[in-house]
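K.L.:
Supplied structure: input_37.tsv, TSV, N, CA and C atoms.
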chain	number	residue	atom	x	y	z
A	1	MET	N	137.23	116.66	137.15
A	1	MET	CA	138.07	115.51	136.91
A	1	MET	C	137.56	114.79	135.65
A	2	GLU	N	138.46	114.44	134.77
A	2	GLU	CA	138.10	113.74	133.55
A	2	GLU	C	138.96	112.49	133.41
A	3	VAL	N	138.35	111.43	132.88
A	3	VAL	CA	139.03	110.16	132.69
A	3	VAL	C	138.86	109.74	131.24
A	4	THR	N	139.92	109.22	130.66
A	4	THR	CA	139.83	108.71	129.29
A	4	THR	C	139.61	107.22	129.35
A	5	PHE	N	138.51	106.77	128.75
A	5	PHE	CA	138.14	105.35	128.76
A	5	PHE	C	137.77	104.94	127.35
A	6	LEU	N	138.52	104.00	126.78
A	6	LEU	CA	138.30	103.50	125.43
A	6	LEU	C	138.31	104.64	124.41
A	7	GLY	N	139.25	105.55	124.58
A	7	GLY	CA	139.39	106.64	123.63
A	7	GLY	C	138.39	107.76	123.79
A	8	ARG	N	137.62	107.71	124.85
A	8	ARG	CA	136.61	108.74	125.06
A	8	ARG	C	136.84	109.39	126.42
A	9	THR	N	136.77	110.69	126.47
A	9	THR	CA	136.98	111.41	127.72
A	9	THR	C	135.64	111.55	128.44
A	10	LEU	N	135.62	111.07	129.69
A	10	LEU	CA	134.39	111.11	130.48
A	10	LEU	C	134.60	112.01	131.70
A	11	ASN	N	133.61	112.85	131.99
A	11	ASN	CA	133.69	113.66	133.20
A	11	ASN	C	132.99	112.91	134.33
A	12	VAL	N	132.96	113.50	135.52
A	12	VAL	CA	132.40	112.84	136.70
A	12	VAL	C	130.92	112.51	136.48
A	13	TYR	N	130.17	113.43	135.90
A	13	TYR	CA	128.75	113.20	135.66
A	13	TYR	C	128.54	111.98	134.75
A	14	GLU	N	129.31	111.87	133.69
A	14	GLU	CA	129.17	110.74	132.76
A	14	GLU	C	129.60	109.43	133.40
A	15	ILE	N	130.62	109.47	134.26
A	15	ILE	CA	131.06	108.25	134.96
A	15	ILE	C	129.97	107.77	135.91
A	16	LEU	N	129.39	108.69	136.69
A	16	LEU	CA	128.30	108.31	137.61
A	16	LEU	C	127.09	107.78	136.84
A	17	ARG	N	126.78	108.40	135.73
A	17	ARG	CA	125.65	107.96	134.92
A	17	ARG	C	125.90	106.54	134.39
A	18	LEU	N	127.10	106.27	133.93
A	18	LEU	CA	127.45	104.94	133.43
A	18	LEU	C	127.36	103.90	134.55
A	19	ILE	N	127.87	104.24	135.73
A	19	ILE	CA	127.81	103.33	136.87
A	19	ILE	C	126.36	103.05	137.26
A	20	MET	N	125.50	104.07	137.24
A	20	MET	CA	124.09	103.88	137.60
A	20	MET	C	123.37	103.01	136.58
A	21	VAL	N	123.64	103.21	135.30
A	21	VAL	CA	122.97	102.42	134.26
A	21	VAL	C	123.39	100.96	134.36
A	22	VAL	N	124.69	100.71	134.45
A	22	VAL	CA	125.18	99.33	134.53
A	22	VAL	C	124.74	98.68	135.83
A	23	GLY	N	124.84	99.41	136.94
A	23	GLY	CA	124.39	98.88	138.23
A	23	GLY	C	122.91	98.57	138.25
A	24	GLY	N	122.11	99.47	137.69
A	24	GLY	CA	120.66	99.23	137.62
A	24	GLY	C	120.34	98.01	136.77
A	25	TYR	N	121.05	97.87	135.68
A	25	TYR	CA	120.84	96.69	134.83
A	25	TYR	C	121.17	95.42	135.60
A	26	LEU	N	122.31	95.39	136.26
A	26	LEU	CA	122.71	94.19	137.01
A	26	LEU	C	121.78	93.92	138.18
A	27	LEU	N	121.25	94.96	138.78
A	27	LEU	CA	120.36	94.81	139.92
A	27	LEU	C	118.98	94.30	139.50
A	28	PHE	N	118.43	94.86	138.44
A	28	PHE	CA	117.05	94.54	138.06
A	28	PHE	C	116.91	93.42	137.04
A	29	ARG	N	117.99	92.98	136.44
A	29	ARG	CA	117.92	91.94	135.40
A	29	ARG	C	117.25	90.65	135.89
A	30	PRO	N	117.62	90.10	137.06
A	30	PRO	CA	116.95	88.86	137.50
A	30	PRO	C	115.45	89.04	137.69
A	31	TYR	N	115.03	90.18	138.20
A	31	TYR	CA	113.60	90.42	138.42
A	31	TYR	C	112.86	90.56	137.07
A	32	ILE	N	113.49	91.22	136.13
A	32	ILE	CA	112.87	91.37	134.81
A	32	ILE	C	112.74	90.00	134.12
A	33	LEU	N	113.75	89.14	134.27
A	33	LEU	CA	113.67	87.80	133.68
A	33	LEU	C	112.56	86.97	134.32
A	34	LYS	N	112.42	87.04	135.64
A	34	LYS	CA	111.35	86.30	136.32
A	34	LYS	C	109.98	86.81	135.88
A	35	PHE	N	109.85	88.13	135.76
A	35	PHE	CA	108.59	88.74	135.36
A	35	PHE	C	108.22	88.32	133.94
A	36	SER	N	109.21	88.34	133.03
A	36	SER	CA	108.92	87.94	131.65
A	36	SER	C	108.66	86.43	131.56
A	37	GLN	N	109.29	85.65	132.41
A	37	GLN	CA	109.05	84.21	132.43
A	37	GLN	C	107.61	83.91	132.83
A	38	MET	N	107.07	84.69	133.76
A	38	MET	CA	105.69	84.50	134.19
A	38	MET	C	104.73	84.73	133.01
A	39	PHE	N	104.95	85.79	132.24
A	39	PHE	CA	104.09	86.05	131.08
A	39	PHE	C	104.26	84.97	130.02
A	40	GLN	N	105.47	84.49	129.83
A	40	GLN	CA	105.70	83.47	128.82
A	40	GLN	C	105.01	82.16	129.21
A	41	GLU	N	105.06	81.80	130.49
A	41	GLU	CA	104.38	80.59	130.94
A	41	GLU	C	102.87	80.70	130.76
A	42	GLN	N	102.32	81.89	131.02
A	42	GLN	CA	100.89	82.09	130.82
A	42	GLN	C	100.53	81.95	129.34
A	43	ASP	N	101.37	82.48	128.47
A	43	ASP	CA	101.12	82.40	127.05
A	43	ASP	C	101.22	80.96	126.55
A	44	HIS	N	102.15	80.20	127.08
A	44	HIS	CA	102.30	78.80	126.66
A	44	HIS	C	101.16	77.93	127.19
A	45	ALA	N	100.59	78.32	128.32
A	45	ALA	CA	99.54	77.51	128.93
A	45	ALA	C	98.19	77.69	128.24
A	46	ARG	N	97.99	78.80	127.56
A	46	ARG	CA	96.69	79.03	126.94
A	46	ARG	C	96.52	78.16	125.70
A	47	PRO	N	95.29	77.77	125.41
A	47	PRO	CA	95.06	76.93	124.21
A	47	PRO	C	95.26	77.74	122.93
A	48	VAL	N	95.77	77.08	121.92
A	48	VAL	CA	96.03	77.75	120.65
A	48	VAL	C	94.80	77.61	119.76
A	49	ASP	N	94.35	78.72	119.23
A	49	ASP	CA	93.20	78.74	118.35
A	49	ASP	C	93.60	78.18	116.98
A	50	THR	N	92.66	77.66	116.22
A	50	THR	CA	92.98	77.10	114.91
A	50	THR	C	93.45	78.16	113.92
A	51	THR	N	93.07	79.40	114.15
A	51	THR	CA	93.51	80.48	113.26
A	51	THR	C	94.93	80.93	113.59
A	52	GLU	N	95.47	80.47	114.71
A	52	GLU	CA	96.79	80.90	115.15
A	52	GLU	C	97.87	79.86	114.90
A	53	GLU	N	97.64	78.90	114.08
A	53	GLU	CA	98.61	77.82	113.92
A	53	GLU	C	99.96	78.31	113.43
A	54	ASP	N	99.99	79.36	112.62
A	54	ASP	CA	101.25	79.86	112.09
A	54	ASP	C	101.78	81.05	112.88
A	55	SER	N	101.11	81.44	113.95
A	55	SER	CA	101.55	82.60	114.71
A	55	SER	C	102.63	82.20	115.72
A	56	PRO	N	103.39	83.17	116.22
A	56	PRO	CA	104.40	82.85	117.23
A	56	PRO	C	103.81	82.32	118.52
A	57	ALA	N	102.51	82.55	118.77
A	57	ALA	CA	101.90	82.05	119.99
A	57	ALA	C	101.74	80.54	119.95
A	58	ALA	N	101.71	79.96	118.78
A	58	ALA	CA	101.56	78.51	118.65
A	58	ALA	C	102.94	77.89	118.76
A	59	VAL	N	103.30	77.45	119.95
A	59	VAL	CA	104.65	76.95	120.18
A	59	VAL	C	104.69	75.45	120.42
A	60	GLY	N	103.56	74.79	120.38
A	60	GLY	CA	103.53	73.35	120.62
A	60	GLY	C	104.12	72.57	119.47
A	61	GLY	N	104.39	71.28	119.68
A	61	GLY	CA	105.00	70.46	118.65
A	61	GLY	C	104.13	70.33	117.41
A	62	ALA	N	102.80	70.21	117.60
A	62	ALA	CA	101.91	70.06	116.45
A	62	ALA	C	101.85	71.33	115.63
A	63	ALA	N	101.84	72.47	116.32
A	63	ALA	CA	101.78	73.74	115.60
A	63	ALA	C	103.07	73.98	114.83
A	64	ARG	N	104.18	73.60	115.40
A	64	ARG	CA	105.45	73.79	114.70
A	64	ARG	C	105.53	72.93	113.46
A	65	SER	N	105.05	71.70	113.55
A	65	SER	CA	105.15	70.82	112.40
A	65	SER	C	104.25	71.28	111.26
A	66	THR	N	103.14	71.97	111.58
A	66	THR	CA	102.29	72.46	110.50
A	66	THR	C	102.87	73.71	109.88
A	67	ALA	N	103.72	74.44	110.62
A	67	ALA	CA	104.30	75.66	110.09
A	67	ALA	C	105.39	75.36	109.06
A	68	ILE	N	105.94	74.16	109.08
A	68	ILE	CA	107.00	73.78	108.15
A	68	ILE	C	106.35	73.33	106.85
A	69	ASP	N	106.97	73.66	105.74
A	69	ASP	CA	106.46	73.20	104.45
A	69	ASP	C	106.49	71.68	104.41
A	70	ASP	N	105.47	71.08	103.80
A	70	ASP	CA	105.37	69.63	103.76
A	70	ASP	C	106.50	68.99	102.99
A	71	ASP	N	107.02	69.64	101.96
A	71	ASP	CA	108.08	69.04	101.18
A	71	ASP	C	109.41	69.05	101.94
A	72	GLU	N	109.58	69.94	102.90
A	72	GLU	CA	110.80	69.98	103.69
A	72	GLU	C	110.69	69.11	104.93
A	73	SER	N	109.49	68.82	105.37
A	73	SER	CA	109.30	68.08	106.60
A	73	SER	C	109.26	66.59	106.31
A	74	ASP	N	110.07	65.86	107.07
A	74	ASP	CA	109.99	64.41	106.97
A	74	ASP	C	109.90	63.81	108.36
A	75	GLY	N	109.04	64.40	109.18
A	75	GLY	CA	108.73	63.85	110.48
A	75	GLY	C	109.68	64.24	111.59
A	76	GLU	N	110.66	65.06	111.34
A	76	GLU	CA	111.58	65.42	112.40
A	76	GLU	C	111.05	66.62	113.17
A	77	ASP	N	111.35	66.64	114.46
A	77	ASP	CA	110.86	67.73	115.28
A	77	ASP	C	111.77	68.95	115.13
A	78	MET	N	111.33	70.05	115.70
A	78	MET	CA	112.10	71.29	115.60
A	78	MET	C	113.11	71.33	116.75
A	79	SER	N	114.16	70.55	116.66
A	79	SER	CA	115.21	70.57	117.67
A	79	SER	C	116.36	71.42	117.18
A	80	TRP	N	117.38	71.52	117.98
A	80	TRP	CA	118.54	72.32	117.62
A	80	TRP	C	119.15	71.79	116.33
A	81	GLY	N	119.39	72.67	115.39
A	81	GLY	CA	120.06	72.30	114.16
A	81	GLY	C	119.15	71.73	113.09
A	82	ALA	N	117.84	71.77	113.29
A	82	ALA	CA	116.92	71.19	112.31
A	82	ALA	C	116.98	71.97	111.00
A	83	LYS	N	117.06	73.27	111.07
A	83	LYS	CA	117.13	74.09	109.85
A	83	LYS	C	118.43	73.80	109.10
A	84	ALA	N	119.51	73.65	109.84
A	84	ALA	CA	120.80	73.36	109.20
A	84	ALA	C	120.77	72.00	108.52
A	85	ARG	N	120.16	71.01	109.19
A	85	ARG	CA	120.05	69.68	108.57
A	85	ARG	C	119.21	69.73	107.30
A	86	ARG	N	118.11	70.49	107.33
A	86	ARG	CA	117.28	70.61	106.12
A	86	ARG	C	118.05	71.31	105.01
A	87	ARG	N	118.80	72.36	105.37
A	87	ARG	CA	119.57	73.08	104.37
A	87	ARG	C	120.64	72.17	103.75
A	88	ILE	N	121.33	71.40	104.58
A	88	ILE	CA	122.36	70.50	104.08
A	88	ILE	C	121.74	69.42	103.20
A	89	ARG	N	120.58	68.92	103.62
A	89	ARG	CA	119.89	67.90	102.83
A	89	ARG	C	119.51	68.47	101.46
A	90	GLY	N	119.05	69.71	101.43
A	90	GLY	CA	118.72	70.37	100.17
A	90	GLY	C	119.94	70.57	99.30
A	91	GLU	N	121.06	70.96	99.94
A	91	GLU	CA	122.30	71.13	99.18
A	91	GLU	C	122.77	69.81	98.58
A	92	LYS	N	122.62	68.72	99.35
A	92	LYS	CA	123.01	67.40	98.84
A	92	LYS	C	122.16	67.01	97.63
A	93	LYS	N	120.85	67.29	97.73
A	93	LYS	CA	119.96	66.99	96.61
A	93	LYS	C	120.36	67.79	95.38
A	94	LEU	N	120.69	69.07	95.59
A	94	LEU	CA	121.09	69.93	94.48
A	94	LEU	C	122.39	69.44	93.85
A	95	LEU	N	123.37	69.07	94.67
A	95	LEU	CA	124.62	68.55	94.15
A	95	LEU	C	124.42	67.25	93.39
A	96	LYS	N	123.57	66.38	93.92
A	96	LYS	CA	123.29	65.12	93.25
A	96	LYS	C	122.65	65.37	91.89
A	97	LYS	N	121.71	66.32	91.84
A	97	LYS	CA	121.05	66.66	90.58
A	97	LYS	C	122.06	67.23	89.59
A	98	MET	N	122.96	68.10	90.06
A	98	MET	CA	123.96	68.67	89.17
A	98	MET	C	124.91	67.60	88.64
A	99	LEU	N	125.30	66.64	89.49
A	99	LEU	CA	126.17	65.56	89.04
A	99	LEU	C	125.48	64.70	87.99
A	100	GLU	N	124.21	64.41	88.21
A	100	GLU	CA	123.46	63.62	87.23
A	100	GLU	C	123.39	64.35	85.88
A	101	GLU	N	123.16	65.66	85.94
A	101	GLU	CA	123.10	66.44	84.69
A	101	GLU	C	124.44	66.42	83.98
A	102	GLN	N	125.54	66.53	84.73
A	102	GLN	CA	126.87	66.48	84.12
A	102	GLN	C	127.13	65.12	83.50
A	103	GLU	N	126.71	64.06	84.19
A	103	GLU	CA	126.90	62.71	83.65
A	103	GLU	C	126.08	62.53	82.37
A	104	MET	N	124.87	63.08	82.35
A	104	MET	CA	124.03	62.97	81.15
A	104	MET	C	124.71	63.71	79.99
A	105	LYS	N	125.24	64.92	80.24
A	105	LYS	CA	125.93	65.67	79.19
A	105	LYS	C	127.14	64.90	78.70
A	106	ARG	N	127.91	64.35	79.63
A	106	ARG	CA	129.10	63.61	79.28
A	106	ARG	C	128.72	62.37	78.45
A	107	ALA	N	127.64	61.71	78.83
A	107	ALA	CA	127.20	60.53	78.09
A	107	ALA	C	126.76	60.92	76.68
A	108	GLU	N	126.07	62.05	76.56
A	108	GLU	CA	125.65	62.51	75.23
A	108	GLU	C	126.86	62.85	74.37
A	109	GLU	N	127.85	63.53	74.96
A	109	GLU	CA	129.05	63.89	74.21
A	109	GLU	C	129.82	62.64	73.78
A	110	GLU	N	129.91	61.67	74.68
A	110	GLU	CA	130.62	60.44	74.34
A	110	GLU	C	129.90	59.67	73.24
A	111	SER	N	128.57	59.65	73.33
A	111	SER	CA	127.84	58.93	72.30
A	111	SER	C	127.97	59.65	70.95
A	112	ASP	N	128.00	60.97	70.98
A	112	ASP	CA	128.20	61.72	69.75
A	112	ASP	C	129.60	61.46	69.18
A	113	GLU	N	130.59	61.39	70.07
A	113	GLU	CA	131.95	61.12	69.61
A	113	GLU	C	132.05	59.72	69.02
A	114	GLU	N	131.41	58.75	69.67
A	114	GLU	CA	131.45	57.37	69.17
A	114	GLU	C	130.78	57.28	67.80
A	115	ILE	N	129.67	57.96	67.66
A	115	ILE	CA	128.97	57.95	66.36
A	115	ILE	C	129.86	58.59	65.30
A	116	ALA	N	130.54	59.71	65.68
A	116	ALA	CA	131.43	60.37	64.72
A	116	ALA	C	132.60	59.46	64.35
A	117	GLU	N	133.13	58.69	65.31
A	117	GLU	CA	134.22	57.76	65.03
A	117	GLU	C	133.77	56.68	64.03
A	118	TYR	N	132.59	56.12	64.27
A	118	TYR	CA	132.10	55.07	63.38
A	118	TYR	C	131.83	55.61	61.98
A	119	LEU	N	131.35	56.86	61.92
A	119	LEU	CA	131.10	57.44	60.61
A	119	LEU	C	132.41	57.73	59.88
A	120	ASP	N	133.43	58.16	60.60
A	120	ASP	CA	134.73	58.47	59.98
A	120	ASP	C	135.45	57.21	59.53
A	121	LYS	N	135.26	56.06	60.17
A	121	LYS	CA	135.93	54.81	59.83
A	121	LYS	C	135.44	54.29	58.48
A	122	GLU	N	134.25	54.56	58.17
A	122	GLU	CA	133.69	54.00	56.92
A	122	GLU	C	134.03	54.83	55.79
Would you kindly transcribe this structure into structure tokens?

P.N.:
Amino acid sequence: MEVTFLGRTLNVYEILRLIMVVGGYLLFRPYILKFSQMFQEQDHARPVDTTEEDSPAAVGGAARSTAIDDDESDGEDMSWGAKARRRIRGEKKLLKKMLEEQEMKRAEEESDEEIAEYLDKE
């Protein structure tokens, strides 16, 4: 017996194999999550060595703040969207700098034009 599923023909052996893999995943997933949670809690509970400040094991607030560059950090914690806020802040600074440069160029051009006007009048 063969069944076509999503453009692929599967025989009985492949159907049973798919059912066993998906069923095993659904059956064991909660236990695997609990087991990994136990290891993660143990890792978070251990003290962080001074040589590990930049490692993934250093997950505390103090370790995170030292991992950020000082010029990008302005006392904010690593909450949701912190990277996006820093990126937007950097983009705003860049746009402001570009606008200032354009205004300076425009001011130079205008001053050159004014000087040329005064020279042509005489």

K.L.:
Could you jot down the atom C of Glu101 in chain A to CA of Lys83 in chain A separation for me, Å, one decimal place?

P.N.:
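Pair atom C of Glu101 in chain A / CA of Lys83 in chain A returns 28.0 Å.
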
K.L.:
Rounded to one decimal, what separation in Å do you get between CA of Arg17 in chain A and CA of Tyr31 in chain A?

P.N.:
21.6 Å

K.L.:
Just give me the gap between atom C of Glu110 in chain A and atom C of Lys93 in chain A in Å, one decimal is fine.

P.N.:
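Here the two named atoms are 25.4 Å from each other.
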